[in-house]
file work.txt (compact mmCIF, C-alpha atoms)
# COMPACT_ATOMS: atom_id res chain seq x y z
CA MET A 1 -23.56 2.16 -40.54
CA LYS A 2 -21.22 5.11 -40.93
CA ARG A 3 -22.37 6.50 -37.58
CA LEU A 4 -21.76 3.14 -35.92
CA THR A 5 -18.25 2.97 -37.40
CA VAL A 6 -17.43 6.44 -36.11
CA THR A 7 -18.74 5.49 -32.67
CA ILE A 8 -16.60 2.34 -32.57
CA ILE A 9 -13.50 4.25 -33.69
CA SER A 10 -14.13 6.89 -31.04
CA LEU A 11 -14.56 4.24 -28.37
CA ILE A 12 -11.31 2.54 -29.38
CA ALA A 13 -9.53 5.89 -29.26
CA VAL A 14 -10.85 6.59 -25.75
CA LEU A 15 -9.84 3.14 -24.53
CA THR A 16 -6.38 3.48 -26.08
CA LEU A 17 -5.94 6.89 -24.50
CA HIS A 18 -6.99 5.46 -21.13
CA ALA A 19 -4.49 2.63 -21.46
CA ARG A 20 -1.71 5.10 -22.13
CA GLU A 21 -2.40 6.81 -18.82
CA PHE A 22 -0.75 3.90 -16.98
CA VAL A 23 2.98 4.42 -16.70
CA VAL A 24 3.56 1.75 -14.04
CA HIS A 25 2.41 -1.84 -14.37
CA GLY A 26 2.13 -4.72 -11.90
CA PRO A 27 1.17 -8.38 -12.31
CA GLN A 28 -2.46 -7.48 -13.05
CA GLY A 29 -1.78 -4.56 -15.38
CA GLY A 30 -1.69 -0.79 -15.15
CA LEU A 31 -1.60 0.93 -11.77
CA ALA A 32 -3.52 4.17 -11.29
CA MET A 33 -1.42 6.62 -9.33
CA THR A 34 -1.24 10.21 -8.13
CA ILE A 35 1.98 12.17 -7.60
CA THR A 36 1.72 15.04 -5.12
CA LEU A 37 4.56 17.58 -5.23
CA PRO A 38 5.35 20.44 -2.84
CA GLU A 39 3.73 23.74 -3.79
CA GLY A 40 5.83 25.68 -6.29
CA PHE A 41 8.04 22.67 -6.94
CA ASP A 42 9.65 22.62 -10.41
CA SER A 43 10.50 19.02 -11.29
CA SER A 44 12.78 20.18 -14.10
CA LYS A 45 15.23 21.82 -11.71
CA ASP A 46 14.23 21.18 -8.08
CA GLN A 47 14.81 18.05 -5.99
CA CYS A 48 13.07 16.56 -2.96
CA PRO A 49 12.52 13.28 -1.09
CA MET A 50 9.46 11.12 -1.77
CA VAL A 51 7.23 8.66 0.10
CA ILE A 52 5.31 5.84 -1.59
CA LEU A 53 1.88 5.42 0.05
CA MET A 54 0.11 2.02 0.10
CA HIS A 55 -3.56 1.63 1.01
CA GLY A 56 -5.24 -1.30 2.75
CA ILE A 57 -7.33 -4.20 1.47
CA PHE A 58 -10.43 -3.12 -0.51
CA SER A 59 -9.36 0.52 -0.10
CA SER A 60 -7.90 3.11 -2.47
CA GLN A 61 -5.38 5.89 -2.86
CA SER A 62 -8.35 8.30 -2.64
CA ILE A 63 -9.71 7.04 0.68
CA THR A 64 -8.67 8.23 4.16
CA PRO A 65 -5.93 8.54 5.29
CA MET A 66 -3.92 8.69 2.04
CA PRO A 67 -5.03 12.06 0.56
CA ARG A 68 -4.47 13.89 3.87
CA ILE A 69 -1.05 12.33 4.37
CA ALA A 70 -0.01 13.23 0.82
CA LYS A 71 -1.13 16.83 1.33
CA SER A 72 0.67 17.13 4.67
CA LEU A 73 3.89 15.69 3.24
CA ALA A 74 3.76 18.18 0.36
CA LYS A 75 3.43 21.09 2.79
CA ALA A 76 6.61 19.84 4.45
CA GLY A 77 8.49 19.74 1.14
CA ILE A 78 8.15 15.98 0.62
CA ALA A 79 6.64 14.50 -2.53
CA SER A 80 4.54 11.35 -2.57
CA ILE A 81 3.11 8.72 -4.87
CA ARG A 82 -0.16 7.08 -3.86
CA PHE A 83 -1.64 4.38 -6.03
CA ASP A 84 -4.35 1.73 -6.28
CA PHE A 85 -3.11 -1.84 -6.01
CA GLY A 86 -3.95 -4.16 -8.89
CA GLY A 87 -7.63 -5.15 -8.84
CA HIS A 88 -8.55 -2.11 -6.74
CA TRP A 89 -10.60 0.83 -7.94
CA LYS A 90 -8.98 2.59 -10.93
CA SER A 91 -6.15 0.11 -11.46
CA GLU A 92 -6.43 -2.80 -13.86
CA GLY A 93 -7.10 -6.36 -12.71
CA LYS A 94 -9.63 -8.18 -10.56
CA MET A 95 -10.03 -8.20 -6.81
CA GLN A 96 -10.33 -11.97 -6.84
CA ARG A 97 -6.78 -12.21 -8.23
CA MET A 98 -5.35 -10.07 -5.45
CA THR A 99 -2.57 -11.61 -3.37
CA ILE A 100 -0.07 -10.01 -1.02
CA GLU A 101 2.74 -11.22 -3.28
CA ASN A 102 1.10 -9.46 -6.24
CA GLU A 103 0.84 -6.30 -4.17
CA ILE A 104 4.51 -6.52 -3.23
CA SER A 105 5.25 -6.71 -6.96
CA ASP A 106 3.07 -3.62 -7.48
CA ALA A 107 5.00 -1.80 -4.75
CA ILE A 108 8.37 -2.77 -6.21
CA ALA A 109 7.24 -1.59 -9.64
CA MET A 110 6.31 1.74 -8.06
CA TRP A 111 9.69 1.82 -6.28
CA ASP A 112 11.49 1.31 -9.58
CA TYR A 113 9.47 4.11 -11.16
CA ALA A 114 10.13 6.54 -8.28
CA SER A 115 13.83 5.65 -8.28
CA ALA A 116 14.09 6.68 -11.93
CA LEU A 117 12.57 10.15 -11.35
CA PRO A 118 15.44 12.65 -11.65
CA TYR A 119 14.06 15.00 -9.01
CA VAL A 120 13.77 12.37 -6.24
CA THR A 121 16.62 12.29 -3.72
CA GLU A 122 15.44 9.69 -1.19
CA ILE A 123 12.45 7.34 -0.95
CA GLY A 124 10.46 6.18 2.05
CA LEU A 125 7.59 3.71 2.27
CA LEU A 126 4.26 3.94 4.09
CA GLY A 127 1.49 1.38 4.34
CA HIS A 128 -1.90 1.18 6.06
CA SER A 129 -3.48 -2.11 7.20
CA GLN A 130 -2.71 -4.78 4.58
CA GLY A 131 -0.68 -2.08 2.86
CA GLY A 132 1.44 -1.98 6.02
CA VAL A 133 2.27 -5.66 5.59
CA VAL A 134 3.08 -5.01 1.93
CA ALA A 135 5.24 -1.97 2.75
CA SER A 136 7.16 -3.86 5.45
CA MET A 137 7.86 -6.86 3.23
CA THR A 138 8.72 -4.62 0.27
CA ALA A 139 11.25 -2.76 2.41
CA GLY A 140 12.75 -6.08 3.47
CA ARG A 141 12.93 -7.39 -0.08
CA ILE A 142 14.60 -4.23 -1.40
CA ALA A 143 17.01 -4.06 1.55
CA SER A 144 18.17 -7.63 0.99
CA ASP A 145 18.43 -7.45 -2.81
CA GLU A 146 21.92 -6.52 -3.98
CA LYS A 147 20.65 -5.13 -7.27
CA TYR A 148 19.17 -2.17 -5.39
CA THR A 149 21.83 0.40 -4.55
CA ARG A 150 19.16 2.73 -3.18
CA LYS A 151 17.42 1.50 -0.01
CA PRO A 152 14.28 2.81 1.74
CA SER A 153 15.16 5.81 3.90
CA GLY A 154 12.29 5.23 6.32
CA LEU A 155 9.24 3.06 6.88
CA ALA A 156 5.87 4.08 8.35
CA LEU A 157 3.35 1.37 9.27
CA LEU A 158 -0.21 2.37 10.12
CA ALA A 159 -2.18 -0.41 11.85
CA PRO A 160 -0.25 -3.10 9.92
CA ALA A 161 -2.57 -6.09 9.48
CA SER A 162 -0.24 -9.06 10.02
CA ALA A 163 -3.24 -10.84 11.62
CA LEU A 164 -4.36 -11.61 8.06
CA LYS A 165 -2.05 -14.63 8.10
CA ASP A 166 -3.72 -16.00 11.23
CA ALA A 167 -7.13 -15.33 9.68
CA CYS A 168 -6.24 -17.39 6.62
CA LEU A 169 -4.80 -20.18 8.78
CA ASN A 170 -7.87 -20.25 11.04
CA GLY A 171 -10.49 -20.04 8.29
CA LYS A 172 -12.11 -16.81 9.47
CA MET A 173 -11.47 -13.59 7.59
CA LEU A 174 -13.45 -10.35 7.57
CA GLY A 175 -16.82 -11.99 8.07
CA ALA A 176 -16.15 -15.05 5.88
CA GLU A 177 -15.65 -18.60 7.18
CA PHE A 178 -14.00 -21.40 5.21
CA ASP A 179 -11.96 -24.59 5.44
CA PRO A 180 -8.35 -23.31 5.62
CA ALA A 181 -7.01 -26.66 4.37
CA ASP A 182 -9.27 -26.62 1.32
CA PRO A 183 -10.61 -23.10 0.70
CA PRO A 184 -13.19 -22.45 -2.04
CA GLU A 185 -12.37 -20.65 -5.28
CA PHE A 186 -13.31 -17.43 -3.52
CA ILE A 187 -14.80 -16.12 -0.29
CA ARG A 188 -16.88 -12.99 0.24
CA CYS A 189 -15.39 -10.68 2.83
CA PHE A 190 -17.90 -8.34 4.48
CA ALA A 191 -20.44 -10.40 2.43
CA LEU A 192 -19.41 -8.39 -0.63
CA MET A 193 -15.76 -8.37 -1.72
CA LYS A 194 -14.41 -11.51 -3.43
CA VAL A 195 -11.05 -12.83 -2.22
CA GLY A 196 -9.60 -15.73 -4.18
CA LYS A 197 -8.31 -19.12 -3.07
CA GLU A 198 -4.75 -18.20 -4.10
CA TYR A 199 -4.79 -15.25 -1.68
CA ILE A 200 -5.68 -17.56 1.22
CA LEU A 201 -3.13 -20.24 0.36
CA GLN A 202 -0.30 -17.76 -0.26
CA THR A 203 -1.00 -15.74 2.87
CA GLN A 204 -0.86 -18.90 4.98
CA GLN A 205 2.76 -19.36 3.86
CA LEU A 206 4.02 -15.79 4.24
CA ASP A 207 7.03 -15.12 6.45
CA ILE A 208 5.88 -11.61 7.25
CA TYR A 209 8.19 -10.68 10.12
CA GLY A 210 11.15 -12.61 8.75
CA THR A 211 10.96 -10.77 5.43
CA ALA A 212 10.22 -7.42 7.03
CA GLY A 213 13.14 -7.79 9.46
CA ALA A 214 15.70 -7.58 6.64
CA TYR A 215 15.07 -3.82 6.61
CA ASP A 216 17.24 -2.12 9.25
CA GLY A 217 16.34 1.54 8.81
CA PRO A 218 14.14 3.80 10.97
CA VAL A 219 10.51 2.75 11.49
CA ILE A 220 7.42 4.40 12.95
CA ILE A 221 4.36 2.30 13.79
CA ILE A 222 1.03 4.00 14.52
CA HIS A 223 -2.01 2.15 15.85
CA GLY A 224 -5.39 3.43 17.02
CA SER A 225 -6.49 2.51 20.55
CA ASP A 226 -10.05 1.94 19.24
CA ASP A 227 -9.04 -0.22 16.27
CA LYS A 228 -11.69 -2.97 16.12
CA LEU A 229 -10.33 -4.63 12.98
CA VAL A 230 -6.57 -5.12 13.48
CA PRO A 231 -5.43 -6.10 16.99
CA LEU A 232 -2.70 -4.08 18.69
CA TRP A 233 -0.46 -7.14 18.96
CA CYS A 234 0.24 -6.81 15.22
CA SER A 235 1.97 -3.48 15.76
CA GLU A 236 3.62 -4.77 18.93
CA ASP A 237 5.08 -7.71 17.00
CA PHE A 238 6.42 -5.37 14.33
CA ARG A 239 7.97 -3.27 17.10
CA LYS A 240 9.72 -6.40 18.43
CA THR A 241 10.87 -7.26 14.91
CA TYR A 242 12.53 -3.89 14.33
CA GLY A 243 13.75 -3.33 17.88
CA ASP A 244 15.32 -0.07 19.01
CA LYS A 245 15.29 1.47 15.55
CA SER A 246 11.49 1.60 15.67
CA GLU A 247 8.86 3.51 17.63
CA LEU A 248 5.28 2.44 18.36
CA ILE A 249 2.77 5.23 18.92
CA ILE A 250 -0.74 4.39 20.12
CA CYS A 251 -3.16 7.07 18.97
CA GLU A 252 -5.84 7.36 21.66
CA GLY A 253 -9.42 7.29 20.39
CA GLU A 254 -8.42 6.50 16.81
CA ASN A 255 -10.13 3.76 14.79
CA HIS A 256 -8.74 1.42 12.15
CA ARG A 257 -9.50 3.73 9.24
CA LEU A 258 -7.65 6.55 11.03
CA SER A 259 -10.60 8.78 10.23
CA ARG A 260 -11.11 10.43 13.63
CA LYS A 261 -7.70 12.03 14.05
CA THR A 262 -6.35 11.88 10.51
CA GLY A 263 -4.61 15.23 10.93
CA LYS A 264 -2.71 14.01 13.98
CA VAL A 265 -1.68 10.82 12.22
CA ALA A 266 -0.52 12.82 9.21
CA ASP A 267 1.49 15.13 11.49
CA LEU A 268 3.20 12.13 13.11
CA VAL A 269 4.08 10.75 9.67
CA VAL A 270 5.45 14.11 8.51
CA SER A 271 7.54 14.57 11.67
CA PHE A 272 9.00 11.10 11.21
CA PHE A 273 10.04 11.61 7.60
CA LYS A 274 11.30 15.15 8.23
CA SER A 275 13.59 13.78 10.95
CA ILE A 276 15.08 11.40 8.38
CA TYR A 277 15.35 13.71 5.39

call {"tool": "encode", "arguments": {"input": "work.txt", "output": "C-alpha cells"}}
result
Amino acid sequence: MKRLTVTIISLIAVLTLHAREFVVHGPQGGLAMTITLPEGFDSSKDQCPMVILMHGIFSSQSITPMPRIAKSLAKAGIASIRFDFGGHWKSEGKMQRMTIENEISDAIAMWDYASALPYVTEIGLLGHSQGGVVASMTAGRIASDEKYTRKPSGLALLAPASALKDACLNGKMLGAEFDPADPPEFIRCFALMKVGKEYILQTQQLDIYGTAGAYDGPVIIIHGSDDKLVPLWCSEDFRKTYGDKSELIICEGENHRLSRKTGKVADLVVSFFKSIY
C-alpha cells in the first residue's frame, strides 16, 4: 500500500511538472513550443526580431519544413517560435476539436507571448498549408484590431491551403466524403485523422481572403510546382488579395511538404525577413 501511494504521488508530481511546462495556452489548453535563438544570443541583454512559425493540418512544429526554417532564421540573427496547434502532437486538446478559428486563437496567444518578450524587436508570421490560412487571417485580425500597437512586420505563406473552404463546401476533404449540409460528428481524413463537424461548418463560413486582406504589410508566397495537395490557385488568389506588396515564388520540383528543396525554401524565407528587418 505504501509503495502504491508513493507511485501515485510520483505520478501526480510528474503530471504537475508537465503541466507547468506550458507557458502559452489556447482554447484547447497548453501549447507545446520551441524558441530558437541566434547562436551566442543573450536574451538578458541582446535584442533581435522574431518569426512565429505555424505548421499545417495534422503536422507538427517538429516536421519539415519548420525545424530547417527555424535553424536558418537563427543563422541570420532572427529568432523564432514554432509550436504545435491545440490537439496536435505535444499540445493539449483533441484533433477532433480542431477548428481554424481555434488555431487563430492559438496563434494570437503566441503573438501576445512573443510581444511580451523583452528581447524581441519585431515579429513576423509564417504559415504552411492550413497554417498559412491561419497565419494570413491572424495577420489580418491583428492589423485591424486597435488594441494592438505592434503589427506583423512581414508575412510568409507556404502553400497556403485556402482550398479547405471549398473542400468543406463540396463535401470532399482529404480522402473523406460527406454531406456538406449535414456533416457527421466527425470524418476520417486520410482514413485515419478525425476532423469534427464543427471544423467543417466553421470552415464553410470563413472569409479567408477578406480577413487576410486587412494586413497591408510585405508578403511572400511560396508554392511548389509539384504540389499535389494544395492547388496553385490558392497562392495565386492570395497574391491577388495582397497585390503589389506581395510576391509569389513557384519553387520548381517542390512538393506540398516542401521536403525536396527545404533548404531553398528556407533561404527564400530568410532573405524575405532579412529584407524587412

call {"tool": "closest_residue", "arguments": {"input": "work.txt", "among": "A:Pro27, A:Gly56, A:Gly210, A:Gly253", "to": "Arg141 of chain A", "atoms": "all atoms listed in the file"}}
result
A:Gly210

call {"tool": "residues_around", "arguments": {"input": "work.txt", "residues": "His88 of chain A", "least_positions_apart": "2", "cutoff": "12 Å", "atoms": "all atoms listed in the file", "output": "MDAnalysis selection string"}}
result
chainID A and resid 28:33 54:63 83:86 90:99 103 106 193:195

call {"tool": "atom_distance", "arguments": {"input": "work.txt", "atom1": "atom CA of Gly140 of chain A", "atom2": "atom CA of Ala159 of chain A"}}
result
18.0 Å

call {"tool": "closest_residue", "arguments": {"input": "work.txt", "among": "A:Met50, A:Thr36, A:Thr149, A:Phe273", "to": "Pro67 of chain A", "atoms": "all atoms listed in the file"}}
result
A:Thr36

call {"tool": "atom_distance", "arguments": {"input": "work.txt", "atom1": "atom CA of Ala163 of chain A", "atom2": "atom CA of Val133 of chain A"}}
result
9.7 Å

call {"tool": "residues_around", "arguments": {"input": "work.txt", "residues": "Leu248 of chain A", "least_positions_apart": "5", "cutoff": "7 Å", "atoms": "all atoms listed in the file", "output": "list in words"}}
result
Ile220, Ile221, Ile222 and Arg239 of chain A

call {"tool": "closest_residue", "arguments": {"input": "work.txt", "among": "A:Asp207, A:Glu21, A:Glu122, A:Asp42", "to": "Gly154 of chain A", "atoms": "only C-alpha atoms"}}
result
A:Glu122
